[in-house]
Amino acid sequence: MFDRIREKLNILADAAKYDVSCSSSGGTRKNTNKGLGDSHASGICHTYTEDGRCVSLLKILLTNHCIYDCLFCVSRKSNDVKRAAFTVDEVVELTMNFYRRNYIEGLFLSSGIFKNADFTMERLLLVVKKLRLEQNYNGYIHLKTIPGASEELIKEAGLYADRMSINLEMPTEAGLKLLAPEKNHEEVIKPLAFVQQQISQFTADKKLIKHVPKFVPAGQSTQMVIGATPESDKDIMYTANAFYKNFSLKRVYYSGYVPISNDTRMPILGTQPPLLRENRLYQTDWLMRFYGFKVQEILNDANPNLDVDIDPKLSWAIRNMQHFPVDINKADYKMILRIPGIGVMSAQKIVQARKFGKLRIDQLKKIGVAYNRAKHFIVCMDSPYQLKDYQGTQIKAFILAESQSKYLKTDSNQMILF
Amino acid sequence: MTYIFDGTFQGLLTAVFEWFERKPGKVMLKSISIFQPEAFAESFTVTTNAKKADRVWVGLQKKIKKDWQRKYYCSYLSEIPEAYNHLFQFTIYIFQNQMGAESNYGNPHVIALAKYAKSVEREKHRMEAFIRFQKTGDGIFYANIDPDFNVLPLISNHFKNRYADQQWVIYDLKRKYGLHYNLASVEEITISFSNGANKHNLAPVLMDEGEALYATLWKDYFKSANIVARKNTKLHLQHVPKRYWKYLTEKAI
């Protein structure tokens, strides 16, 4: 018994780990029934694996049996791996006992498709219902929406889950067709749209009626695999941008492809996952969501791919030197946010602090500005007078000369020409 | 001039009261535990007084909003000697200026408090993340900690709300006190460990029979969730500094 559950957990956790969503934030469930669990608004990362990714949720598949044969997936039908399936009770017991020991923030439950979509969705629903209704569990639940499942099932699941997600898998339809001929983006879009429409319906009802049950309070997310197919960064981010806009997604995750197959349509086994590229995409994602950048400003036909050696914010600044230098003591908040070396927190502090007097360099440093980077783009009270007007390329050279990329040692995707 | 106080929160507030009563000019505040008499400097020992402290606290609550009251309390919990002086100077600065003076991040005491509060909140958050309960034979979930700062008062509510249906104990080995939740309320406790008892690891005989199973399953899960091709030790250490490994079931050998 002991060994069997260990083996199952190993197989089904291993198969689930390529889903990168780890967020446990945005849950609003309060422990009002003297049960177990109370959500934490900002989420909690309980530990980090040796690859540096956070472990917040017990992330498992209900089963890795699957009727589909998607090339990018470890659980594909034709792959020769051990198969296993949890019973509903096993998942409930694991979740409760892990949660009680403060190992986890909640459950992330996904599954391979066995028999058909509805059958799979029903089993997922059984787990979440048992947790919520029988065990008085108020912890976080992230549930996969199974594409093709009936709307009744999805709607019921939404009453118990905090977040639901469906993965786009490939950034473009063409890429998806290449690796998973049985699938298409339409299948993903339909349930995403359905859940989104339900969320807004429940929110609208809430304004009129006092007691409306929660419906997917932490919203929806999706994931794209990066580097398995030859899309440009522009393709990826334009798709992400469209999904943020059209479905009010909370997050889009970018997952660097880890080679798991010998198929010639994809990077061969042993290829390093594109970690640097993944990092640049996340930086762009942040610029779009928190820094007021439009995706077209960062990626366009002239610049279809992100710079490898510098981050996208610096890269934008260097291409648009006409906006700089910015006067820290006068410029509006939006413009201060765009200065390389100044983040959201520093920008807010600057705007508050300058009401009390003009800011000096030493104050900026204390506030948390990365001054060595920002100094090329700002003037403040005691900025040294500068005779020369440097070009963007020169500034880039200055910054590169004094910073060392954490990726240079490990990055093997760069070609060496000379 | 140096003011010496007893290290309590009330003592700190009393010191502010005394300063305004005497207006002795520039003053440093030091805790008695680190005070070294100096040859040419005068000193004054503050006698903690609940009434005076209350008056200062009520006044301070009128001058700064909730978020800054919390930053203030967090800075105090940092137990850093310099923090006491910054708190003292900050309080005087707040009382001597218009409303909203706390958002002047150009002021050294404001920025110092913001920094202390950030460190303390980070430690608090780490405790919420890294505490690992072990279920004992009598059904109590037990965890030891020895955090950098005195964060027990800050995490009490979080654990009380979250684990409302189980008894738990979180014990601060460094400060020799702990919290016990008895299904109704949280109480402060001290444990007198018998001589020779291993304070850091509970003896296996005291454990619930399911404890070993779930600890093993958790360790297994932790291994399975790792993607070897993405190994990034630097990032791992950045998120889980080595000094926290002693808490973590998944990091125990």
# chains A, B, ... in the order shown; residues from 1 in each chain; ligands from 1
>>> residues_around(residues="Glu187 of chain B", least_positions_apart="2", cutoff="12 Å", atoms="only C-alpha atoms", output="number ranges by chain")
B: 152-153, 156-157, 160, 167-171, 177-185, 189-190
>>> interface_residues(of="chain B", to="chain A", cutoff="9 Å", atoms="only C-alpha atoms", output="ChimeraX atom specification")
/B:101,103-108,111,125-126,128-135,141-142,158-159,161-166,213-218,220-240,248-250
>>> closest_residue(among="A:Leu124, A:Glu93, A:Leu133, A:Glu182", to="Tyr68 of chain A", atoms="only C-alpha atoms")
A:Glu182
>>> select_by_dssp(residues="segment 15-152 of chain A", states="strand (DSSP E)", output="PyMOL selection string")
chain A and resi 47-48+54-55+57-61+106-110+140-144
>>> atom_distance(atom1="atom CA of Ile92 of chain B", atom2="atom CA of Val369 of chain A")
27.7 Å
>>> residues_around(residues="Lys183 of chain A", least_positions_apart="4", cutoff="9 Å", atoms="only C-alpha atoms", output="MDAnalysis selection string")
chainID A and resid 68 70 176:177 187
>>> atom_distance(atom1="atom CA of Gln201 of chain A", atom2="atom CA of Val216 of chain A")
11.7 Å
>>> atom_distance(atom1="atom CA of Ile236 of chain A", atom2="atom CA of Asp263 of chain A")
22.8 Å
>>> residues_around(residues="segment 195-202 of chain B", least_positions_apart="5", cutoff="9 Å", atoms="only C-alpha atoms", output="list in words")
Gln134, Thr136, Asn144, Ile145, Leu173, Met207 and Lys246 of chain B
